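Engineer: One structure, as structure tokens, below. Some questions next.
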Amino acid sequence: MTETHPISPLGKVKLAITMDDRLLFRGVPMPRGYSSLAIAQAMTTALKRHRVPGVYAFSNTAPAEDDPDLLRVFDHWVEQGHHIANHTHHHPSINWVDAQTYIGDIERTEEIIKRWSTLAPQRYFRYCMDMWGDTIDKVEAVAAYLARQRYTSVPVTVGFRDTRFHPAYWRTLSRDDRDSVAYLRREFINTAMHELRLHAANARAVFGRDPAHIWLIHGTPLGGDCLDAILDAFEAAGVEFISTAEAMQDPMNSRVPPRVSPEFIHQV
């Protein structure tokens with residue numbers, strides 16, 4: 001059972017919802033009866049029910065080279081009052097490539113998404129895997145490029161490694177194993193709540209207050225099936241949903257120190 005006691009003893013915890021990878025990576029199987037568009041539709045329905053303001057979707061775009069119809073996902077996202085932002089084309093870790101290759105991948109995806117991204121009120125970028133570089137030279141080179149192009153980098157303060165659930169969910173759906181499907185959905189929701197509590201407590205210990213958090217979920221089938229229930233649980237535990245722009249006004253998110261690391265870590 002998902003815990004519903006308040007996340008913070010200090011009151012409401014402000015949380016901006018963000019999405020990564022509205023298009024699943026090349027080669028990742030989609031369960032029968034699911035599609036990227038259907039998942040996006042389920043998610044926008046949940047966001048509307050919970051009155052969540054304009055949500056930024058940071059998506060890789062390489063899959064659209066194989067299937068241009070996937071770009072209908074971006075049409076739907078923007079039509080529902082949400083926003084599209086840059087997340088590179090192939091979704092490489094910055095630690096795997098040199099700075100110029102990474103910058104080229106940013107430019108490639110901007111060419112694809114610009115008819116949607118230019119409609120957004122802010123020009124945002126998110127590093128793939130929330131990795132900002134494993135050498136100071138690489139960190140500084142990419143940061144300088146982003147500054148010249150007037151991108152603002154949006155960190156992740158709360159994630160729950162939700163993509164790890166995808167293989168198991170695909171297998172249980174393929175076998176029509178309804179008990180296992182139900183179990184995975186429960187654990188997905190419980191994990192989202194557990195990680196929010198953990199990250200919020202860590203931030204509160206560091207800052208002596210509850211900063212505005214930026215939460216991440218991916219465009220997976222399980223995410224589409226569970227987002228509404230997750231937002232229900234968050235609200236019951238004292239979450240106030242805010243826009244990414246409001247969350248980015250918090251110094252924890254706007255003043256990110258140079259993060260030179262080979263690790264997959266989030267802001268808090």
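Labels used: A, B, ... for chains in the order of the structure tokens, numbers from 1 for residues in each chain, and numbers from 1 for ligands as shown.
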Just list the residues in segment 89-248 of chain A DSSP gives strand (DSSP E or B) on the backbone, as a list in words.

Structural biologist: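 Answer for segment 89-248 of chain A restricted to strand (DSSP E or B) is Tyr124, Phe125, Thr152, Ser153, Val158, His213, Ile214, Trp215, Leu216, Ile217, His218, Val239, Glu240, Phe241 and Ile242 of chain A.
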
Engineer: Quick one: residues within 12 Å of Asn190 of chain A, only C-alpha atoms, excluding same-chain residues fewer than 5 positions away - as a ChimeraX atom specification?

Structural biologist: /A:1-4,160,162,183-185,195-197,226-227,229-234

Engineer: From the list A:Ser174, A:Cys128, A:Arg108, A:Ala236, which residue is nearest Gly33 of chain A when using only C-alpha atoms?

Structural biologist: A:Ser174

Engineer: Could you tell me how far atom CA of Ala200 of chain A lies from atom CA of Ala212 of chain A, in Å and to one decimal?

Structural biologist: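 Between atom CA of Ala200 of chain A and atom CA of Ala212 of chain A the gap works out to 9.4 Å.
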
Engineer: Determine, for each residue of segment 83-127 of chain A having at least one atom at most 12 Å from an atom of segment 243-259 of chain A, the closest pair of atoms and their separation in Å to one decimal, counting only C-alpha atoms; order by chain and ascending number, as CSV.

Structural biologist:
```
residue,atom,partner,partner_atom,distance
A:His83,CA,A:Thr244,CA,10.4
A:Ala85,CA,A:Thr244,CA,11.8
A:Ala120,CA,A:Ala245,CA,11.0
A:Pro121,CA,A:Ala245,CA,8.9
A:Gln122,CA,A:Ala245,CA,7.7
A:Arg123,CA,A:Ala245,CA,10.5
A:Tyr124,CA,A:Ala245,CA,9.8
A:Tyr127,CA,A:Arg259,CA,11.5
```

Engineer: For C-alpha atoms, I'd like the residues from the last selection saved as a CSV table (one decimal), in the first residue's frame.

Structural biologist:
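This is the output file part_7.csv:
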```csv
chain,number,residue,atom,x,y,z
A,83,HIS,CA,6.0,21.9,-24.3
A,85,ALA,CA,12.4,20.7,-25.4
A,120,ALA,CA,7.6,27.0,-25.7
A,121,PRO,CA,7.9,30.0,-23.3
A,122,GLN,CA,11.5,28.9,-22.3
A,123,ARG,CA,14.3,27.4,-24.3
A,124,TYR,CA,15.2,24.4,-22.2
A,127,TYR,CA,21.4,16.4,-20.4
```

Engineer: Could you pull the residues within 12 Å of Ile7 of chain A, counting only C-alpha atoms, minus those fewer than 2 positions along the same chain, as JSON, numbers by chain?

Structural biologist: {"A": [3, 4, 5, 9, 10, 11, 12, 13, 14, 15, 193, 194, 195, 196, 197, 198, 199, 200, 201, 202, 204, 210, 233, 234, 235, 236, 237, 238, 239, 240]}

Engineer: Using only C-alpha atoms, find the one residue out of A:Val181, A:Val28, A:Ile84, A:Val206 that sits nearest to Arg126 of chain A.

Structural biologist: A:Ile84

Engineer: Closest to Pro31 of chain A among A:Asp228, A:Ile265, A:Ile242, A:Arg175, using only C-alpha atoms?

Structural biologist: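 With only C-alpha atoms as the atom set, the closest residue is A:Arg175.
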
Engineer: As an NGL selection string, please: every residue in segment 80-152 of chain A that DSSP puts in alpha helix (DSSP H).

Structural biologist: :A and (99-117 or 136-148)

Engineer: Please identify all polymer residues within 12 Å of Leu71 of chain A, counting only C-alpha atoms, omitting same-chain residues fewer than 4 positions from it, and present them as a list in words.

Structural biologist: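 Residues meeting the cut-off are Arg22, Leu23, Ser36, Leu37, Ala40, Ser59, Asn60, Thr61, Ala62, Pro63, Ala64, Glu65, Asp66, Asp67, Asp75, His76, Trp77, Val78, Ile84, Ile112, Ile113, Lys114, Arg115 and Trp116 of chain A.
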
Engineer: Using only C-alpha atoms, which residue out of A:Ile214, A:Tyr151, A:Leu222, A:Lys48 lies closest to Ser35 of chain A?

Structural biologist: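 Nearest candidate to Ser35 of chain A out of A:Ile214, A:Tyr151, A:Leu222, A:Lys48: A:Leu222.
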
Engineer: Please compute the atom CA of Ile106 of chain A-atom CA of Ala192 of chain A distance, one decimal, in Å.

Structural biologist: 29.2 Å

Engineer: Would you pick out the contacts of Ile17 of chain A at 9 Å or less, using only C-alpha atoms, so that residues sharing its chain but fewer than 4 positions from it are not included, and give the list as an MDAnalysis selection string?

Structural biologist: chainID A and resid 52:56 213:217 241:244

Engineer: Of the residues A:Asp177, A:Glu140, A:Glu111, A:Asp105, which is the one nearest to Ser93 of chain A, using only C-alpha atoms?

Structural biologist: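 Nearest to Ser93 of chain A: A:Asp105.
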
Engineer: Residues within 8 Å of Lys138 of chain A, please, as a list of chain:residue names. Count only C-alpha atoms; anything in the same chain fewer than 4 positions from it doesn't count.

Structural biologist: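 So, after excluding close chain neighbours, the residues are A:Asp98, A:Ala99, A:Gly133, A:Asp134, A:Val142.
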
Engineer: Take the residues from that selection and put them in a file with C-alpha atoms, as a CSV table (one decimal), in the first residue's frame.

Structural biologist:
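Now in again.csv:
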```
chain,number,residue,atom,x,y,z
A,98,ASP,CA,33.6,14.3,-27.2
A,99,ALA,CA,32.0,17.7,-26.7
A,133,GLY,CA,30.3,15.6,-18.3
A,134,ASP,CA,33.2,13.5,-17.0
A,142,VAL,CA,29.0,22.1,-23.7
```

Engineer: Please indicate the distance in Å from atom CA of Gly224 of chain A to atom CA of Glu187 of chain A, rounded to one decimal place.

Structural biologist: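 Going from atom CA of Gly224 of chain A over to atom CA of Glu187 of chain A covers 14.6 Å.
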
Engineer: Given only C-alpha atoms as the basis, pick out the residue of A:Trp132, A:Phe125, A:Tyr102, A:Phe188 nearest to Ala147 of chain A.

Structural biologist: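 Nearest to Ala147 of chain A: A:Phe125.
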